[in-house]
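Student: File structure_18.txt follows (compact mmCIF, C-alpha atoms):
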```txt
# COMPACT_ATOMS: atom_id res chain seq x y z
CA PRO A 286 31.89 54.77 -44.55
CA ASN A 287 32.89 51.16 -44.93
CA ALA A 288 31.93 48.43 -47.46
CA LEU A 289 29.34 49.82 -49.88
CA ASP A 290 27.24 48.81 -52.87
CA VAL A 291 25.29 50.38 -55.75
CA GLY A 292 21.52 49.93 -55.71
CA HIS A 293 19.18 49.19 -58.60
CA ASP A 294 18.25 52.89 -58.50
CA GLY A 295 21.84 53.95 -59.16
CA ARG A 296 22.39 55.30 -55.65
CA VAL A 297 25.39 54.27 -53.57
CA TYR A 298 24.47 52.72 -50.21
CA PHE A 299 26.96 52.70 -47.34
CA PRO A 300 27.16 52.36 -43.54
CA GLN A 301 28.38 54.83 -40.94
CA VAL A 302 29.72 52.26 -38.49
CA PHE A 303 30.08 54.22 -35.26
CA ALA A 304 27.00 56.39 -35.89
CA GLY A 305 24.91 53.25 -36.41
CA GLU A 306 23.41 54.56 -39.64
CA ILE A 307 22.86 53.61 -43.30
CA TRP A 308 23.08 56.35 -45.92
CA SER A 309 22.66 56.61 -49.67
CA LEU A 310 24.39 58.92 -52.13
CA ASP A 311 23.39 60.16 -55.58
CA PRO A 312 26.75 60.01 -57.45
CA ASP A 313 25.60 62.61 -59.99
CA SER A 314 24.30 65.35 -57.70
CA GLY A 315 26.16 64.45 -54.50
CA GLU A 316 22.87 64.49 -52.57
CA THR A 317 22.87 62.20 -49.52
CA ARG A 318 19.99 60.64 -47.62
CA ARG A 319 19.89 58.79 -44.30
CA ILE A 320 18.08 55.48 -44.72
CA ALA A 321 18.22 54.04 -41.19
CA ALA A 322 19.55 54.94 -37.73
CA GLY A 323 19.99 53.33 -34.33
CA LEU A 324 21.70 50.21 -35.66
CA GLY A 325 24.36 48.24 -33.79
CA SER A 326 27.59 49.02 -35.68
CA PRO A 327 26.60 48.29 -39.31
CA THR A 328 29.85 47.40 -41.08
CA ALA A 329 28.73 46.80 -44.68
CA VAL A 330 25.89 47.07 -47.19
CA GLN A 331 25.10 44.67 -50.01
CA VAL A 332 22.18 45.26 -52.35
CA SER A 333 20.31 42.00 -52.88
CA ALA A 334 18.58 40.88 -56.06
CA SER A 335 15.27 42.12 -54.65
CA GLY A 336 16.69 45.56 -53.88
CA ALA A 337 16.75 45.04 -50.12
CA LEU A 338 19.95 46.00 -48.30
CA VAL A 339 21.80 43.16 -46.58
CA VAL A 340 23.46 44.73 -43.54
CA PRO A 341 25.64 43.03 -40.89
CA LEU A 342 25.25 44.55 -37.41
CA SER A 343 28.64 43.86 -35.91
CA ALA A 344 27.85 44.77 -32.31
CA GLU A 345 24.72 42.61 -32.20
CA GLY A 346 25.97 39.64 -34.21
CA ILE A 347 23.05 39.63 -36.64
CA VAL A 348 22.53 40.15 -40.37
CA VAL A 349 19.38 42.03 -41.41
CA LYS A 350 17.60 42.83 -44.68
CA LEU A 351 16.71 46.50 -44.74
CA ASP A 352 13.95 47.74 -47.03
CA PRO A 353 15.16 51.21 -48.06
CA ARG A 354 11.59 52.34 -48.77
CA SER A 355 9.64 51.11 -45.75
CA GLY A 356 12.46 50.83 -43.23
CA ALA A 357 11.45 47.24 -42.40
CA LEU A 358 14.36 45.40 -40.80
CA PRO A 359 13.80 41.61 -40.56
CA THR A 360 16.65 39.46 -39.26
CA LEU A 361 18.27 37.25 -41.89
CA ALA A 362 20.76 35.37 -39.68
CA GLU A 363 22.24 35.33 -36.18
CA VAL A 364 26.01 34.82 -35.86
CA ASP A 365 28.83 35.85 -33.53
CA SER A 366 29.47 39.55 -33.04
CA GLY A 367 32.40 41.17 -34.82
CA ILE A 368 31.05 40.76 -38.37
CA ASP A 369 33.09 42.50 -41.04
CA ASN A 370 31.40 41.79 -44.37
CA VAL A 371 28.69 39.68 -45.99
CA VAL A 372 27.73 38.32 -49.40
CA LEU A 373 24.29 36.96 -50.24
CA ASP A 374 24.52 35.23 -53.60
CA THR A 375 21.72 34.81 -56.15
CA GLU A 376 20.98 31.30 -54.84
CA GLY A 377 20.42 32.54 -51.28
CA HIS A 378 23.72 31.44 -49.77
CA LEU A 379 24.98 33.87 -47.10
CA PHE A 380 28.73 34.19 -46.52
CA VAL A 381 29.99 36.07 -43.46
CA SER A 382 33.49 37.22 -42.47
CA HIS A 383 34.62 38.36 -39.01
CA TYR A 384 37.24 41.05 -38.42
CA VAL A 385 37.87 39.84 -34.86
CA ASP A 386 39.26 36.40 -35.61
CA GLY A 387 39.37 36.06 -39.42
CA GLN A 388 36.66 33.40 -39.58
CA VAL A 389 34.70 33.03 -42.81
CA SER A 390 31.52 30.95 -42.82
CA GLU A 391 28.54 30.03 -44.93
CA VAL A 392 25.50 30.69 -42.74
CA PRO A 393 22.20 28.88 -43.46
CA VAL A 394 19.25 31.23 -44.05
CA GLY A 395 15.63 30.89 -45.06
CA THR A 396 14.27 27.36 -44.69
CA ALA A 397 17.75 26.15 -43.67
CA ALA A 398 18.04 28.70 -40.82
CA GLY A 399 19.11 27.14 -37.54
CA ARG A 400 21.44 24.60 -39.07
CA PRO A 401 25.16 24.81 -38.18
CA ALA A 402 27.26 27.20 -40.23
CA ARG A 403 29.85 25.76 -42.59
CA VAL A 404 33.26 27.15 -41.63
CA LEU A 405 35.31 28.00 -44.71
CA ASN A 406 38.21 29.62 -42.86
CA PRO A 407 38.66 28.74 -39.16
CA PRO A 408 39.14 31.45 -36.52
CA GLY A 409 42.62 32.34 -35.33
CA PHE A 410 44.97 35.30 -35.10
CA VAL A 411 44.52 38.12 -37.60
CA GLY A 412 47.36 40.49 -36.68
CA PRO A 413 49.38 39.52 -33.59
CA PHE A 414 51.56 42.63 -33.22
CA ASP A 415 52.60 42.24 -29.57
CA VAL A 416 52.50 39.80 -26.66
CA ALA A 417 52.65 40.13 -22.88
CA GLU A 418 52.22 37.96 -19.80
CA ARG A 419 49.45 38.39 -17.24
CA PRO A 420 50.06 37.71 -13.53
CA GLY A 421 49.72 33.96 -13.21
CA GLY A 422 51.50 33.20 -16.46
CA VAL A 423 48.66 33.69 -18.97
CA LEU A 424 49.97 34.77 -22.36
CA VAL A 425 48.04 37.71 -23.83
CA VAL A 426 48.26 38.68 -27.50
CA ALA A 427 47.46 42.08 -29.03
CA ASP A 428 45.73 40.76 -32.12
CA GLY A 429 44.36 43.21 -34.65
CA LEU A 430 41.44 44.98 -32.99
CA SER A 431 41.20 42.81 -29.88
CA LEU A 432 43.08 41.21 -27.04
CA ALA A 433 43.21 37.45 -26.73
CA HIS A 434 44.80 34.71 -24.70
CA LEU A 435 45.66 31.12 -25.48
CA GLU A 436 43.87 28.15 -23.94
CA GLY A 437 45.71 25.16 -25.31
CA SER A 438 45.33 25.47 -29.07
CA LEU A 439 42.28 27.77 -28.79
CA VAL A 440 42.34 31.56 -29.06
CA LYS A 441 40.00 33.16 -26.51
CA ARG A 442 39.02 36.82 -26.96
CA PHE A 443 38.46 38.97 -23.89
CA GLY A 444 38.74 42.50 -25.23
CA ARG A 445 37.35 43.96 -28.46
CA LEU A 446 38.33 47.53 -29.19
CA LEU A 447 36.33 48.49 -32.28
CA THR A 448 34.56 51.55 -30.89
CA ALA A 449 34.56 55.22 -31.76
CA ASP A 450 37.06 55.72 -28.92
CA SER A 451 39.21 52.68 -29.66
CA PRO A 452 42.94 52.87 -30.32
CA GLY A 453 42.44 51.05 -33.62
CA LEU A 454 44.82 48.23 -34.56
CA ILE A 455 46.74 47.39 -31.41
CA GLY A 456 50.42 47.92 -32.18
CA ALA A 457 51.79 47.63 -28.64
CA LEU A 458 50.76 45.99 -25.38
CA HIS A 459 52.09 46.14 -21.82
CA ILE A 460 50.76 44.37 -18.72
CA ALA A 461 52.07 45.55 -15.34
CA THR A 462 52.83 43.19 -12.47
CA ASP A 463 49.59 44.30 -10.79
CA GLY A 464 47.57 43.37 -13.88
CA ARG A 465 46.98 46.85 -15.31
CA THR A 466 46.87 46.59 -19.09
CA PHE A 467 48.01 49.29 -21.52
CA VAL A 468 47.45 49.22 -25.28
CA ALA A 469 48.48 51.48 -28.14
CA GLY A 470 47.08 52.07 -31.55
CA ARG A 471 48.98 54.05 -34.15
CA ASN A 472 48.31 57.44 -32.52
CA THR A 473 46.74 56.63 -29.15
CA VAL A 474 47.87 55.15 -25.85
CA SER A 475 45.09 53.79 -23.61
CA ARG A 476 44.56 51.75 -20.50
CA TYR A 477 42.33 48.77 -21.14
CA THR A 478 39.67 48.11 -18.51
CA ALA A 479 36.64 45.86 -18.30
CA ALA A 480 34.56 48.84 -19.45
CA GLY A 481 36.75 49.33 -22.51
CA PRO A 482 39.80 51.46 -23.36
CA ARG A 483 40.43 54.67 -21.41
CA GLU A 484 42.51 57.08 -23.46
CA ILE A 485 45.68 58.47 -21.88
CA ARG A 486 47.07 60.44 -24.82
CA ASP A 487 46.35 60.65 -28.55
CA ASP A 488 48.99 62.80 -30.26
CA PHE A 489 51.55 60.19 -31.29
CA ARG A 490 52.56 59.28 -34.82
CA ASN A 491 53.12 55.51 -34.61
CA VAL A 492 53.46 53.82 -31.22
CA THR A 493 55.36 50.54 -31.38
CA GLY A 494 56.47 49.95 -27.78
CA LEU A 495 55.21 50.39 -24.21
CA ALA A 496 56.74 49.76 -20.78
CA LEU A 497 55.96 50.85 -17.22
CA ASP A 498 58.65 52.15 -14.87
CA ALA A 499 58.75 52.03 -11.05
CA GLY A 500 57.35 55.54 -10.74
CA ASP A 501 54.00 54.78 -12.39
CA PHE A 502 55.07 56.40 -15.64
CA LEU A 503 54.49 54.81 -19.01
CA LEU A 504 57.37 54.75 -21.49
CA VAL A 505 56.26 55.09 -25.10
CA ALA A 506 58.34 54.42 -28.22
CA ASP A 507 57.11 56.49 -31.18
CA HIS A 508 58.57 54.83 -34.26
CA ASP A 509 57.94 57.46 -36.92
CA VAL A 510 59.44 60.44 -35.09
CA GLY A 511 62.26 58.58 -33.32
CA LEU A 512 61.19 59.62 -29.81
CA VAL A 513 60.76 57.88 -26.47
CA TYR A 514 58.29 59.59 -24.09
CA ARG A 515 57.66 59.22 -20.35
CA LEU A 516 53.98 59.76 -19.52
CA HIS A 517 52.03 59.68 -16.27
CA VAL A 518 49.47 56.88 -16.57
CA ASP A 519 46.61 59.02 -15.24
CA SER A 520 47.17 62.54 -16.55
CA GLY A 521 48.98 61.71 -19.79
CA GLU A 522 51.45 64.50 -19.02
CA GLY A 523 55.06 63.86 -19.81
CA THR A 524 58.17 64.75 -21.76
CA PRO A 525 60.47 63.12 -24.33
CA LEU A 526 63.35 61.16 -22.83
CA THR A 527 65.42 60.97 -25.99
CA ASP A 528 65.17 61.87 -29.67
CA SER A 529 68.39 60.18 -30.75
CA ILE A 530 66.99 56.74 -31.60
CA PRO A 531 65.86 56.36 -35.22
CA HIS A 532 62.73 54.21 -35.58
CA PRO A 533 62.44 52.64 -32.09
CA THR A 534 60.34 49.49 -32.16
CA ARG A 535 60.05 48.00 -28.66
CA ILE A 536 61.00 49.22 -25.20
CA THR A 537 62.00 47.45 -21.97
CA VAL A 538 62.90 48.70 -18.52
CA ALA A 539 65.55 46.36 -17.14
CA ASP A 540 65.52 46.03 -13.33
CA MET A 541 63.47 49.27 -13.18
CA ASP A 542 66.76 51.20 -13.42
CA TRP A 543 67.00 54.39 -15.47
CA ASP A 544 70.49 53.35 -16.53
CA ALA A 545 69.00 50.34 -18.29
CA LEU A 546 66.31 51.56 -20.65
CA LEU A 547 66.60 49.29 -23.68
CA VAL A 548 65.14 50.43 -26.99
CA PRO A 549 65.86 48.37 -30.13
CA GLU A 550 66.02 50.23 -33.43
CA GLU A 551 64.23 48.79 -36.44
CA GLY A 552 66.41 46.01 -37.85
CA PRO A 553 67.98 42.85 -36.41
CA GLU A 554 71.30 44.25 -35.16
CA GLU A 555 70.62 47.60 -33.47
CA GLU A 556 69.97 48.11 -29.74
CA TYR A 557 70.33 51.27 -27.72
CA GLU A 558 70.85 51.68 -23.99
CA GLU A 559 70.04 55.00 -22.31
```
If you convert what's in this file into C-alpha cells, what do you get?
Tutor:
Amino acid sequence: PNALDVGHDGRVYFPQVFAGEIWSLDPDSGETRRIAAGLGSPTAVQVSASGALVVPLSAEGIVVKLDPRSGALPTLAEVDSGIDNVVLDTEGHLFVSHYVDGQVSEVPVGTAAGRPARVLNPPGFVGPFDVAERPGGVLVVADGLSLAHLEGSLVKRFGRLLTADSPGLIGALHIATDGRTFVAGRNTVSRYTAAGPREIRDDFRNVTGLALDAGDFLLVADHDVGLVYRLHVDSGEGTPLTDSIPHPTRITVADMDWDALLVPEEGPEEEYEE
C-alpha cells in the first residue's frame, strides 16, 4: 500500500502499486474489499469532495477519477509517467508530483484541460547516489529510482526501475568498458538492459559499491556486514573476498590487478588495499 485516504463512508482507500489494484479497508472490522483491478501502477488515492477516488496511474501517466460504486474510470488529466502523488483541492485545482525527477506541477483540468501545466518545482535530480561514465564519455547518474544522463544543463532519463522486480533506490552503479550496466539497490544486484533490470543476486544487506574485474566477475561492497564479494555476472555465484573492512562504501579495481583492489571505508580518511 502507498498513499491512502479515508472516504466519506469511513473506509480507508489505498492502492496496491505493483498489483495494479485499489482496495478499501473497514478500520473497525478489518474487512477488505477490492475496488478496481488492471490499473497501470496506481501510486495514490485521494477521496474527492464528491466521493470519487482520484488515482494517479504512474505507468500510464494519467490521473483518473474512480467511482467506487460503479467502477467508472474517466480520465481527469494526462501528464508524464512516473507520478507519485496528487491533490485535487475543493476549487478543482489538481497538483501532481513525480517520483522520477521531483517535479511538482499544477495541471489544468475540467474546462481548462489542455492548457500548459504550471511548474511549481522544476525537474532535476532526486537522489544521485552514484555516477559512472558510458563509452563515449557520457556521464550517467544513478538517481533515485532511475538512471539519467546529462545533456548540457538538462537531465535526460533513460531507465526507470520502479517495477515489482526492481532493485529499488539505486545505491551503486557500474558501467563496463563494453557498455554493460550494473545497478544495485539495498539488497539486490542487477544488470540493467533495455528490457529492464535482470537480477543477479538478492541476498545482500546494503550494497554501496560495484566494480567489474578482468575475469567477468562483479565485485560487490556490502556496507552493513563489512564484506566484499566476487560474483559471476551471469550465475550470481561467488564468495566473499574479505570481511575485514568495516562499512565499505565504494570499490575500484585499479589496473585490473588483484593486488590493487581499493575499498574506502566510511569516513574521509580511511582506504584499504587488498
Student: Please provide the set of residues having any atom within 9 Å of range 408-424 of chain A, restricted to only C-alpha atoms, with same-chain residues fewer than 2 positions apart removed, written as a PDB file with C-alpha atoms, in the coordinates of the input.
Tutor:
```pdb
ATOM      1  CA  HIS A 383      34.620  38.360 -39.010  1.00  0.00           C
ATOM      2  CA  TYR A 384      37.240  41.050 -38.420  1.00  0.00           C
ATOM      3  CA  VAL A 385      37.870  39.840 -34.860  1.00  0.00           C
ATOM      4  CA  ASP A 386      39.260  36.400 -35.610  1.00  0.00           C
ATOM      5  CA  GLY A 387      39.370  36.060 -39.420  1.00  0.00           C
ATOM      6  CA  GLN A 388      36.660  33.400 -39.580  1.00  0.00           C
ATOM      7  CA  VAL A 389      34.700  33.030 -42.810  1.00  0.00           C
ATOM      8  CA  VAL A 404      33.260  27.150 -41.630  1.00  0.00           C
ATOM      9  CA  ASN A 406      38.210  29.620 -42.860  1.00  0.00           C
ATOM     10  CA  VAL A 426      48.260  38.680 -27.500  1.00  0.00           C
ATOM     11  CA  ALA A 427      47.460  42.080 -29.030  1.00  0.00           C
ATOM     12  CA  ASP A 428      45.730  40.760 -32.120  1.00  0.00           C
ATOM     13  CA  GLY A 429      44.360  43.210 -34.650  1.00  0.00           C
ATOM     14  CA  LEU A 430      41.440  44.980 -32.990  1.00  0.00           C
ATOM     15  CA  ALA A 433      43.210  37.450 -26.730  1.00  0.00           C
ATOM     16  CA  HIS A 434      44.800  34.710 -24.700  1.00  0.00           C
ATOM     17  CA  LEU A 435      45.660  31.120 -25.480  1.00  0.00           C
ATOM     18  CA  GLU A 436      43.870  28.150 -23.940  1.00  0.00           C
ATOM     19  CA  LEU A 439      42.280  27.770 -28.790  1.00  0.00           C
ATOM     20  CA  VAL A 440      42.340  31.560 -29.060  1.00  0.00           C
ATOM     21  CA  LEU A 454      44.820  48.230 -34.560  1.00  0.00           C
ATOM     22  CA  ILE A 455      46.740  47.390 -31.410  1.00  0.00           C
ATOM     23  CA  GLY A 456      50.420  47.920 -32.180  1.00  0.00           C
ATOM     24  CA  ALA A 457      51.790  47.630 -28.640  1.00  0.00           C
ATOM     25  CA  LEU A 458      50.760  45.990 -25.380  1.00  0.00           C
ATOM     26  CA  HIS A 459      52.090  46.140 -21.820  1.00  0.00           C
ATOM     27  CA  ILE A 460      50.760  44.370 -18.720  1.00  0.00           C
ATOM     28  CA  ALA A 461      52.070  45.550 -15.340  1.00  0.00           C
ATOM     29  CA  THR A 462      52.830  43.190 -12.470  1.00  0.00           C
ATOM     30  CA  ASP A 463      49.590  44.300 -10.790  1.00  0.00           C
ATOM     31  CA  GLY A 464      47.570  43.370 -13.880  1.00  0.00           C
ATOM     32  CA  THR A 466      46.870  46.590 -19.090  1.00  0.00           C
ATOM     33  CA  THR A 493      55.360  50.540 -31.380  1.00  0.00           C
ATOM     34  CA  GLY A 494      56.470  49.950 -27.780  1.00  0.00           C
TER      35      GLY A 494
END
```
Student: Would you pick out the contacts of Asp509 in chain A at 12 Å or less, using only C-alpha atoms, so that residues sharing its chain but fewer than 6 positions from it are not included, and give the list as a list in words?
Tutor: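 Within the cut-off, the hits are Arg471, Asn472, Phe489, Arg490, Asn491, Val492, Thr493, Gly494, Asp528, Ile530, Pro531, His532, Pro533, Thr534, Glu550 and Glu551 of chain A.
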Student: As an exercise, work out the distance from CA of Ser520 in chain A to CA of Arg486 in chain A in Å and give it to one decimal place.
Tutor: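 Calculated distance between CA of Ser520 in chain A and CA of Arg486 in chain A is 8.5 Å.
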Student: Please report the interatomic distance between CA of Val348 in chain A and CA of Ser333 in chain A in Å with one decimal.
Tutor: 12.8 Å
Student: Expressed in Å to a single decimal, how great is the separation between CA of Ile536 in chain A and CA of Glu484 in chain A?
Tutor: 20.2 Å
Student: Given the point (28.9, 60.1, -56.7) in the coordinates of this file, which residues lie within 12 Å, counting all atoms listed in the file, and how would they look as a short mmCIF file (atom, residue, chain, number, x, y, z; two decimals) with C-alpha atoms, in the coordinates of the input?
Tutor:
```cif
data_model
loop_
_atom_site.label_atom_id
_atom_site.label_comp_id
_atom_site.auth_asym_id
_atom_site.auth_seq_id
_atom_site.Cartn_x
_atom_site.Cartn_y
_atom_site.Cartn_z
CA VAL A 291 25.29 50.38 -55.75
CA GLY A 295 21.84 53.95 -59.16
CA ARG A 296 22.39 55.30 -55.65
CA VAL A 297 25.39 54.27 -53.57
CA TYR A 298 24.47 52.72 -50.21
CA SER A 309 22.66 56.61 -49.67
CA LEU A 310 24.39 58.92 -52.13
CA ASP A 311 23.39 60.16 -55.58
CA PRO A 312 26.75 60.01 -57.45
CA ASP A 313 25.60 62.61 -59.99
CA SER A 314 24.30 65.35 -57.70
CA GLY A 315 26.16 64.45 -54.50
CA GLU A 316 22.87 64.49 -52.57
CA THR A 317 22.87 62.20 -49.52
#
```
Student: Please provide as number ranges by chain all residues within 12 Å of Leu516 in chain A, with the sequence filter that same-chain residues fewer than 6 positions apart are discarded (counting all atoms listed in the file).
Tutor: A: 474-475, 485-487, 495-498, 500-506, 522-526
Student: Could you write out as lines of an AutoDock Vina configuration file the box around range 320-336 of chain A (axis-aligned, all atoms listed in the file, 8 Å on each side), with centre and edge lengths in Å to one decimal?
Tutor:
```
center_x = 22.6
center_y = 48.2
center_z = -44.9
size_x = 30.6
size_y = 30.6
size_z = 38.3
```
Student: Select, counting all atoms listed in the file, all protein, DNA and RNA residues no farther than 10 Å from (24.1, 53.3, -45.4) in file coordinates, and express the selection as a ChimeraX atom specification.
Tutor: /A:286-290,297-302,305-310,317-322,327-331,338,340,353
